[in-house]
$ cat query02.txt   # compact mmCIF, C-alpha atoms
# COMPACT_ATOMS: atom_id res chain seq x y z
CA MET A 34 -82.33 -82.12 16.15
CA LEU A 35 -83.18 -85.78 16.58
CA LYS A 36 -86.52 -85.65 18.40
CA ALA A 37 -88.92 -83.03 19.74
CA ILE A 38 -92.47 -82.74 21.05
CA LEU A 39 -94.92 -80.13 22.34
CA GLY A 40 -96.41 -80.33 25.80
CA LYS A 41 -98.36 -78.54 28.48
CA LYS A 42 -97.08 -77.86 31.99
CA LEU A 43 -99.33 -79.44 34.63
CA GLY A 44 -97.41 -78.58 37.81
CA MET A 45 -94.69 -79.85 40.12
CA THR A 46 -94.44 -82.84 42.43
CA GLN A 47 -91.76 -85.13 43.80
CA VAL A 48 -90.78 -88.75 43.31
CA PHE A 49 -88.46 -91.15 45.12
CA THR A 50 -85.76 -93.25 43.54
CA GLU A 51 -85.07 -96.85 44.49
CA ASP A 52 -82.31 -95.57 46.77
CA GLY A 53 -84.78 -93.36 48.66
CA LEU A 54 -83.54 -90.11 47.09
CA LEU A 55 -86.23 -87.45 46.69
CA ILE A 56 -86.29 -85.71 43.29
CA PRO A 57 -88.42 -82.63 42.50
CA VAL A 58 -90.01 -83.01 39.07
CA THR A 59 -92.27 -81.04 36.75
CA VAL A 60 -95.15 -83.00 35.19
CA VAL A 61 -95.69 -82.26 31.49
CA GLU A 62 -98.53 -83.58 29.35
CA ALA A 63 -96.54 -84.14 26.15
CA GLY A 64 -98.34 -84.89 22.92
CA PRO A 65 -99.66 -86.62 21.07
CA CYS A 66 -98.64 -84.27 18.27
CA VAL A 67 -99.88 -84.83 14.73
CA VAL A 68 -97.80 -84.03 11.65
CA THR A 69 -99.72 -81.35 9.71
CA GLN A 70 -97.13 -80.64 6.99
CA VAL A 71 -93.82 -82.07 5.78
CA LYS A 72 -91.50 -79.43 4.32
CA THR A 73 -88.85 -80.64 1.88
CA GLN A 74 -85.66 -79.19 0.45
CA ASP A 75 -87.00 -79.29 -3.12
CA LYS A 76 -90.33 -77.59 -2.47
CA ASP A 77 -89.71 -75.31 0.52
CA GLY A 78 -85.95 -74.83 0.50
CA TYR A 79 -85.42 -76.61 3.82
CA SER A 80 -86.41 -79.81 5.57
CA ALA A 81 -88.75 -79.63 8.56
CA LEU A 82 -91.92 -80.95 10.17
CA GLN A 83 -94.93 -78.84 11.07
CA VAL A 84 -96.81 -80.41 13.98
CA GLY A 85 -100.09 -79.58 15.69
CA TYR A 86 -100.93 -80.01 19.36
CA ASP A 87 -104.05 -79.76 21.54
CA ASP A 88 -107.53 -80.23 20.04
CA ILE A 89 -109.65 -77.14 19.46
CA ARG A 90 -113.29 -76.53 18.55
CA PRO A 91 -113.91 -75.74 14.86
CA LYS A 92 -115.62 -72.50 15.92
CA LEU A 93 -112.27 -71.13 17.09
CA VAL A 94 -110.36 -71.89 13.86
CA ASN A 95 -110.22 -69.35 11.03
CA ARG A 96 -110.89 -70.32 7.42
CA PRO A 97 -107.27 -70.42 6.16
CA LEU A 98 -106.28 -72.80 8.97
CA LYS A 99 -109.38 -74.91 8.40
CA GLY A 100 -108.33 -75.34 4.78
CA HIS A 101 -104.82 -76.28 5.90
CA PHE A 102 -106.11 -78.95 8.29
CA ASP A 103 -108.78 -80.23 5.89
CA LYS A 104 -106.18 -80.67 3.14
CA GLY A 105 -104.28 -83.13 5.33
CA LYS A 106 -107.55 -84.72 6.58
CA ILE A 107 -106.60 -84.20 10.21
CA GLY A 108 -108.38 -82.70 13.21
CA TYR A 109 -108.08 -79.06 14.18
CA ARG A 110 -105.24 -78.17 16.55
CA ARG A 111 -104.69 -75.17 18.79
CA TYR A 112 -100.92 -74.86 18.35
CA LEU A 113 -98.71 -75.24 15.26
CA ARG A 114 -94.92 -75.41 15.48
CA GLU A 115 -92.02 -76.42 13.23
CA PHE A 116 -89.21 -78.81 14.09
CA LYS A 117 -86.13 -79.19 11.88
CA LEU A 118 -85.63 -82.89 12.51
CA GLU A 119 -82.82 -84.79 10.84
CA ASN A 120 -85.23 -87.56 9.81
CA ALA A 121 -88.12 -85.30 8.76
CA ASP A 122 -88.41 -87.04 5.38
CA LYS A 123 -89.44 -90.28 7.11
CA PHE A 124 -92.71 -88.77 8.36
CA ASN A 125 -96.02 -88.39 6.55
CA VAL A 126 -98.94 -86.02 7.13
CA GLY A 127 -101.18 -87.52 9.80
CA ASP A 128 -98.42 -89.38 11.66
CA GLU A 129 -98.41 -88.98 15.44
CA ILE A 130 -95.47 -88.11 17.67
CA THR A 131 -95.93 -89.43 21.21
CA VAL A 132 -93.95 -89.48 24.46
CA ASP A 133 -92.43 -92.88 23.68
CA ILE A 134 -89.78 -91.12 21.57
CA PHE A 135 -88.20 -90.30 24.96
CA SER A 136 -87.14 -92.63 27.74
CA ALA A 137 -86.07 -92.24 31.36
CA GLY A 138 -82.54 -90.86 31.64
CA ASP A 139 -82.67 -88.82 28.43
CA LYS A 140 -81.38 -85.24 28.55
CA VAL A 141 -83.63 -82.56 27.07
CA ASP A 142 -83.87 -78.81 26.52
CA VAL A 143 -87.21 -77.20 27.45
CA SER A 144 -88.45 -73.82 26.17
CA GLY A 145 -91.50 -71.83 27.24
CA ARG A 146 -92.82 -68.43 28.30
CA SER A 147 -92.01 -67.24 31.82
CA LYS A 148 -94.71 -65.93 34.16
CA GLY A 149 -95.97 -62.47 33.24
CA LYS A 150 -95.66 -59.89 36.04
CA GLY A 151 -97.40 -57.01 34.28
CA TYR A 152 -96.16 -53.41 34.44
CA ALA A 153 -93.35 -53.09 36.98
CA GLY A 154 -91.12 -50.26 38.18
CA SER A 155 -87.37 -50.15 37.77
CA ILE A 156 -86.73 -51.34 41.33
CA LYS A 157 -88.67 -54.59 40.88
CA ARG A 158 -87.84 -55.05 37.21
CA TRP A 159 -84.10 -54.30 37.28
CA ASN A 160 -83.29 -54.57 41.01
CA GLN A 161 -82.27 -50.92 41.21
CA SER A 162 -81.65 -49.19 44.53
CA ARG A 163 -84.23 -46.75 45.88
CA GLY A 164 -83.63 -43.15 46.77
CA PRO A 165 -83.43 -41.75 50.34
CA MET A 166 -86.64 -42.41 52.29
CA SER A 167 -86.48 -39.24 54.37
CA HIS A 168 -89.22 -36.65 53.92
CA GLY A 169 -86.94 -34.12 52.34
CA SER A 170 -85.76 -36.23 49.39
CA LYS A 171 -89.15 -36.41 47.61
CA TYR A 172 -87.64 -39.07 45.32
CA HIS A 173 -88.02 -42.63 46.60
CA ARG A 174 -88.72 -45.21 43.89
CA GLY A 175 -88.08 -43.29 40.67
CA PRO A 176 -85.91 -44.62 37.83
CA GLY A 177 -83.12 -42.06 38.45
CA ALA A 178 -81.25 -39.91 35.96
CA MET A 179 -82.08 -40.58 32.31
CA SER A 180 -78.74 -39.48 30.84
CA ALA A 181 -75.90 -36.97 31.06
CA GLY A 182 -77.07 -33.35 30.91
CA SER A 183 -74.76 -32.09 28.16
CA SER A 184 -73.00 -34.80 26.16
CA PRO A 185 -74.55 -37.01 24.98
CA ALA A 186 -77.81 -35.18 25.62
CA LYS A 187 -80.01 -38.19 24.93
CA VAL A 188 -81.18 -41.38 26.59
CA GLN A 189 -78.86 -44.24 25.65
CA LYS A 190 -80.27 -47.51 24.36
CA GLY A 191 -80.64 -50.17 27.00
CA ARG A 192 -81.46 -47.78 29.82
CA PRO A 193 -83.27 -49.81 32.55
CA LEU A 194 -86.73 -48.28 32.82
CA PRO A 195 -90.18 -49.35 34.08
CA GLY A 196 -92.21 -51.53 31.74
CA ARG A 197 -93.61 -54.99 31.13
CA MET A 198 -91.91 -57.61 33.25
CA GLY A 199 -91.89 -61.33 32.53
CA PHE A 200 -93.57 -63.31 29.73
CA ASP A 201 -90.21 -63.80 28.04
CA LYS A 202 -89.04 -66.89 26.19
CA VAL A 203 -86.94 -68.97 28.57
CA SER A 204 -84.95 -72.09 27.72
CA VAL A 205 -83.63 -74.52 30.34
CA GLN A 206 -80.95 -76.87 29.07
CA ASN A 207 -79.72 -80.33 29.93
CA LEU A 208 -82.61 -81.50 32.12
CA GLU A 209 -83.09 -85.18 32.89
CA ILE A 210 -86.28 -87.12 32.20
CA VAL A 211 -87.03 -89.07 35.36
CA LYS A 212 -90.07 -91.03 34.16
CA VAL A 213 -92.17 -91.54 31.01
CA ASP A 214 -95.84 -92.50 31.38
CA LYS A 215 -96.91 -93.68 27.91
CA ASP A 216 -100.49 -94.47 28.94
CA ARG A 217 -101.24 -90.92 30.14
CA ASN A 218 -98.80 -89.06 27.82
CA LEU A 219 -96.82 -87.69 30.76
CA LEU A 220 -93.17 -86.73 31.13
CA LEU A 221 -91.65 -86.21 34.57
CA ILE A 222 -88.70 -83.86 34.12
CA LYS A 223 -86.24 -83.14 36.92
CA GLY A 224 -86.27 -79.55 38.17
CA ALA A 225 -88.39 -76.48 37.43
CA LEU A 226 -89.65 -75.40 34.02
CA PRO A 227 -90.63 -71.89 32.85
CA GLY A 228 -94.15 -70.52 33.05
CA PRO A 229 -97.30 -71.11 35.10
CA LYS A 230 -99.55 -74.16 34.85
CA GLY A 231 -100.91 -74.63 31.36
CA THR A 232 -97.87 -73.12 29.62
CA LEU A 233 -97.03 -74.51 26.18
CA LEU A 234 -93.57 -76.11 26.29
CA THR A 235 -91.22 -77.29 23.56
CA ILE A 236 -89.19 -80.35 24.58
CA LYS A 237 -86.30 -81.53 22.42
CA ASN A 238 -83.11 -83.50 22.82
CA THR A 239 -80.36 -81.45 24.42
CA VAL A 240 -77.61 -79.73 22.45
CA LYS A 241 -75.21 -80.36 25.32
CA HIS A 242 -73.52 -83.73 25.69

$ encode --input "query02.txt" --output "structure tokens"
Amino acid sequence: MLKAILGKKLGMTQVFTEDGLLIPVTVVEAGPCVVTQVKTQDKDGYSALQVGYDDIRPKLVNRPLKGHFDKGKIGYRRYLREFKLENADKFNVGDEITVDIFSAGDKVDVSGRSKGKGYAGSIKRWNQSRGPMSHGSKYHRGPGAMSAGSSPAKVQKGRPLPGRMGFDKVSVQNLEIVKVDKDRNLLLIKGALPGPKGTLLTIKNTVKH
């Protein structure tokens, strides 16, 4: 991984190119992220950066994290994530990572949590077909047969059943950065990104070329 940053989804809009082409974009408030820890091969067994994003009140930080932040003499952050960057050894604790590491035309992969739908039945969750809707069936939106009656007399793993729907980690690959606003820490990324407004997103250079 060459470069990465954390951001917050603000919503969608549209922009026009010089040729008059309309492009739907998602606006992301990316960074600034502060380096909270530098992990090295000698000390930790691998090379990586731990970065913090989004300021938080001291009241909401527990004592172990306060000690971690105070050791590096940096402000408290709401989110902590690790990036295994190839040039991690060039960073120091307290350094900032801002949107200017990206430029218009770059291709990125974006990861985040999809919208949570709550508890859902098998028809909505797995797109199953319903039963007959006539009065005599008495079975309309149930999950159907659990398993074979004799052999194997058990419910197989992976059986589509009702349960929590959504709030899964979703990654969208090979998206194009349309515009970078360095003054307001904004990235305009072509297309839709996972999650509702306010979702924490991880943006990194694409693995596809």

$ closest_residue --input "query02.txt" --among "A:Pro229, A:Pro176, A:Arg146, A:Ile222" --to "Ser204 in chain A" --atoms "only C-alpha atoms"
A:Arg146

$ atom_distance --input "query02.txt" --atom1 "CA of Ala81 in chain A" --atom2 "CA of Glu129 in chain A"
15.1 Å

$ closest_residue --input "query02.txt" --among "A:Arg158, A:Lys212, A:Lys72, A:Arg174" --to "Phe116 in chain A" --atoms "only C-alpha atoms"
A:Lys72

$ atom_distance --input "query02.txt" --atom1 "CA of Val126 in chain A" --atom2 "CA of Ile236 in chain A"
20.8 Å

$ closest_residue --input "query02.txt" --among "A:Gly169, A:Gly182, A:Pro91, A:Pro97" --to "Arg111 in chain A" --atoms "all atoms listed in the file"
A:Pro91

$ residues_around --input "query02.txt" --residues "Asp128 in chain A" --least-positions-apart "5" --cutoff "9 Å" --atoms "only C-alpha atoms" --output "list in words"
Cys66, Val67, Val68 and Thr69 of chain A

$ closest_residue --input "query02.txt" --among "A:Lys41, A:Lys150, A:Lys241, A:Lys215" --to "Ser136 in chain A" --atoms "all atoms listed in the file"
A:Lys215

$ residues_around --input "query02.txt" --residues "Gly177 in chain A" --least-positions-apart "5" --cutoff "9 Å" --atoms "only C-alpha atoms" --output "JSON, numbers by chain"
{"A": [163, 164, 172]}

$ atom_distance --input "query02.txt" --atom1 "CA of Gly127 in chain A" --atom2 "CA of Gly105 in chain A"
7.0 Å

$ residues_near_point --input "query02.txt" --point "(-87.7, -74.9, 38.1)" --cutoff "9 Å" --atoms "all atoms listed in the file" --output "ChimeraX atom specification"
/A:45,57-59,205,223-227

$ closest_residue --input "query02.txt" --among "A:Glu119, A:Pro65, A:Lys190, A:Gly199" --to "Arg217 in chain A" --atoms "all atoms listed in the file"
A:Pro65

$ closest_residue --input "query02.txt" --among "A:Met34, A:Val188, A:Ile210, A:Val94" --to "Ala137 in chain A" --atoms "all atoms listed in the file"
A:Ile210

$ residues_around --input "query02.txt" --residues "Ala63 in chain A" --least-positions-apart "6" --cutoff "9 Å" --atoms "all atoms listed in the file" --output "list in words"
Ile38, Leu39, Gly40, Lys41, Lys42, Thr131, Val132, Asn218, Leu219, Leu220, Leu234 and Ile236 of chain A

$ axis_aligned_box --input "query02.txt" --around "range 149-155 of chain A" --padding-each-side "6 Å" --output "AutoDock Vina command-line options"
--center_x -92.4 --center_y -56.3 --center_z 35.7 --size_x 22.0 --size_y 24.3 --size_z 16.9

$ decode --input "query02.txt" --residues "range 190-201 of chain A" --atoms "all heavy atoms" --output "PDB file, in the first residue's frame"
ATOM      1  N   LYS A 190     -25.362 -25.772   7.515  1.00  0.00           N
ATOM      2  CA  LYS A 190     -24.765 -24.448   7.647  1.00  0.00           C
ATOM      3  C   LYS A 190     -25.026 -23.628   6.387  1.00  0.00           C
ATOM      4  O   LYS A 190     -25.007 -24.160   5.275  1.00  0.00           O
ATOM      5  CB  LYS A 190     -23.261 -24.565   7.884  1.00  0.00           C
ATOM      6  CG  LYS A 190     -22.880 -25.068   9.254  1.00  0.00           C
ATOM      7  CD  LYS A 190     -21.373 -25.061   9.444  1.00  0.00           C
ATOM      8  CE  LYS A 190     -20.991 -25.522  10.845  1.00  0.00           C
ATOM      9  NZ  LYS A 190     -19.523 -25.509  11.042  1.00  0.00           N
ATOM     10  N   GLY A 191     -25.258 -22.358   6.584  1.00  0.00           N
ATOM     11  CA  GLY A 191     -25.501 -21.477   5.452  1.00  0.00           C
ATOM     12  C   GLY A 191     -26.951 -21.380   5.043  1.00  0.00           C
ATOM     13  O   GLY A 191     -27.263 -20.764   4.028  1.00  0.00           O
ATOM     14  N   ARG A 192     -27.847 -21.971   5.806  1.00  0.00           N
ATOM     15  CA  ARG A 192     -29.268 -21.914   5.476  1.00  0.00           C
ATOM     16  C   ARG A 192     -29.760 -20.469   5.577  1.00  0.00           C
ATOM     17  O   ARG A 192     -29.607 -19.837   6.616  1.00  0.00           O
ATOM     18  CB  ARG A 192     -30.059 -22.797   6.443  1.00  0.00           C
ATOM     19  CG  ARG A 192     -31.583 -22.713   6.285  1.00  0.00           C
ATOM     20  CD  ARG A 192     -32.035 -23.408   5.013  1.00  0.00           C
ATOM     21  NE  ARG A 192     -33.479 -23.462   4.912  1.00  0.00           N
ATOM     22  CZ  ARG A 192     -34.229 -22.522   4.348  1.00  0.00           C
ATOM     23  NH1 ARG A 192     -33.659 -21.427   3.857  1.00  0.00           N
ATOM     24  NH2 ARG A 192     -35.540 -22.666   4.268  1.00  0.00           N
ATOM     25  N   PRO A 193     -30.330 -19.903   4.492  1.00  0.00           N
ATOM     26  CA  PRO A 193     -30.827 -18.519   4.551  1.00  0.00           C
ATOM     27  C   PRO A 193     -32.010 -18.400   5.503  1.00  0.00           C
ATOM     28  O   PRO A 193     -33.062 -18.994   5.284  1.00  0.00           O
ATOM     29  CB  PRO A 193     -31.246 -18.231   3.107  1.00  0.00           C
ATOM     30  CG  PRO A 193     -30.535 -19.241   2.274  1.00  0.00           C
ATOM     31  CD  PRO A 193     -30.423 -20.459   3.131  1.00  0.00           C
ATOM     32  N   LEU A 194     -31.834 -17.643   6.569  1.00  0.00           N
ATOM     33  CA  LEU A 194     -32.854 -17.476   7.584  1.00  0.00           C
ATOM     34  C   LEU A 194     -33.010 -15.995   7.925  1.00  0.00           C
ATOM     35  O   LEU A 194     -32.153 -15.175   7.582  1.00  0.00           O
ATOM     36  CB  LEU A 194     -32.472 -18.259   8.847  1.00  0.00           C
ATOM     37  CG  LEU A 194     -32.486 -19.787   8.741  1.00  0.00           C
ATOM     38  CD1 LEU A 194     -31.912 -20.404  10.009  1.00  0.00           C
ATOM     39  CD2 LEU A 194     -33.900 -20.300   8.513  1.00  0.00           C
ATOM     40  N   PRO A 195     -34.098 -15.622   8.599  1.00  0.00           N
ATOM     41  CA  PRO A 195     -34.242 -14.229   9.048  1.00  0.00           C
ATOM     42  C   PRO A 195     -33.127 -13.841  10.015  1.00  0.00           C
ATOM     43  O   PRO A 195     -32.557 -14.683  10.716  1.00  0.00           O
ATOM     44  CB  PRO A 195     -35.612 -14.224   9.741  1.00  0.00           C
ATOM     45  CG  PRO A 195     -36.342 -15.394   9.181  1.00  0.00           C
ATOM     46  CD  PRO A 195     -35.295 -16.426   8.896  1.00  0.00           C
ATOM     47  N   GLY A 196     -32.821 -12.563  10.069  1.00  0.00           N
ATOM     48  CA  GLY A 196     -31.783 -12.080  10.971  1.00  0.00           C
ATOM     49  C   GLY A 196     -31.392 -10.654  10.640  1.00  0.00           C
ATOM     50  O   GLY A 196     -32.079  -9.958   9.879  1.00  0.00           O
ATOM     51  N   ARG A 197     -30.287 -10.220  11.209  1.00  0.00           N
ATOM     52  CA  ARG A 197     -29.813  -8.852  10.978  1.00  0.00           C
ATOM     53  C   ARG A 197     -29.406  -8.673   9.525  1.00  0.00           C
ATOM     54  O   ARG A 197     -28.665  -9.480   8.972  1.00  0.00           O
ATOM     55  CB  ARG A 197     -28.625  -8.547  11.891  1.00  0.00           C
ATOM     56  CG  ARG A 197     -28.030  -7.154  11.636  1.00  0.00           C
ATOM     57  CD  ARG A 197     -26.771  -6.932  12.446  1.00  0.00           C
ATOM     58  NE  ARG A 197     -25.734  -7.895  12.154  1.00  0.00           N
ATOM     59  CZ  ARG A 197     -24.937  -7.832  11.094  1.00  0.00           C
ATOM     60  NH1 ARG A 197     -25.070  -6.864  10.200  1.00  0.00           N
ATOM     61  NH2 ARG A 197     -23.991  -8.741  10.914  1.00  0.00           N
ATOM     62  N   MET A 198     -29.880  -7.596   8.936  1.00  0.00           N
ATOM     63  CA  MET A 198     -29.579  -7.316   7.538  1.00  0.00           C
ATOM     64  C   MET A 198     -28.811  -6.009   7.434  1.00  0.00           C
ATOM     65  O   MET A 198     -29.135  -5.024   8.102  1.00  0.00           O
ATOM     66  CB  MET A 198     -30.871  -7.225   6.724  1.00  0.00           C
ATOM     67  CG  MET A 198     -30.682  -6.954   5.253  1.00  0.00           C
ATOM     68  SD  MET A 198     -32.271  -6.916   4.397  1.00  0.00           S
ATOM     69  CE  MET A 198     -31.717  -6.537   2.737  1.00  0.00           C
ATOM     70  N   GLY A 199     -27.767  -5.992   6.631  1.00  0.00           N
ATOM     71  CA  GLY A 199     -26.975  -4.786   6.450  1.00  0.00           C
ATOM     72  C   GLY A 199     -25.889  -4.655   7.493  1.00  0.00           C
ATOM     73  O   GLY A 199     -25.592  -5.578   8.250  1.00  0.00           O
ATOM     74  N   PHE A 200     -25.279  -3.455   7.547  1.00  0.00           N
ATOM     75  CA  PHE A 200     -24.158  -3.134   8.429  1.00  0.00           C
ATOM     76  C   PHE A 200     -23.020  -4.138   8.254  1.00  0.00           C
ATOM     77  O   PHE A 200     -22.438  -4.639   9.197  1.00  0.00           O
ATOM     78  CB  PHE A 200     -24.595  -3.083   9.897  1.00  0.00           C
ATOM     79  CG  PHE A 200     -23.639  -2.303  10.763  1.00  0.00           C
ATOM     80  CD1 PHE A 200     -23.447  -0.945  10.555  1.00  0.00           C
ATOM     81  CD2 PHE A 200     -22.921  -2.916  11.766  1.00  0.00           C
ATOM     82  CE1 PHE A 200     -22.564  -0.221  11.341  1.00  0.00           C
ATOM     83  CE2 PHE A 200     -22.025  -2.203  12.556  1.00  0.00           C
ATOM     84  CZ  PHE A 200     -21.850  -0.858  12.330  1.00  0.00           C
ATOM     85  N   ASP A 201     -22.716  -4.427   6.992  1.00  0.00           N
ATOM     86  CA  ASP A 201     -21.601  -5.299   6.647  1.00  0.00           C
ATOM     87  C   ASP A 201     -20.472  -4.456   6.051  1.00  0.00           C
ATOM     88  O   ASP A 201     -20.717  -3.390   5.481  1.00  0.00           O
ATOM     89  CB  ASP A 201     -22.035  -6.356   5.624  1.00  0.00           C
ATOM     90  CG  ASP A 201     -23.134  -7.248   6.150  1.00  0.00           C
ATOM     91  OD1 ASP A 201     -23.017  -7.696   7.306  1.00  0.00           O
ATOM     92  OD2 ASP A 201     -24.119  -7.483   5.421  1.00  0.00           O
TER      93      ASP A 201
END
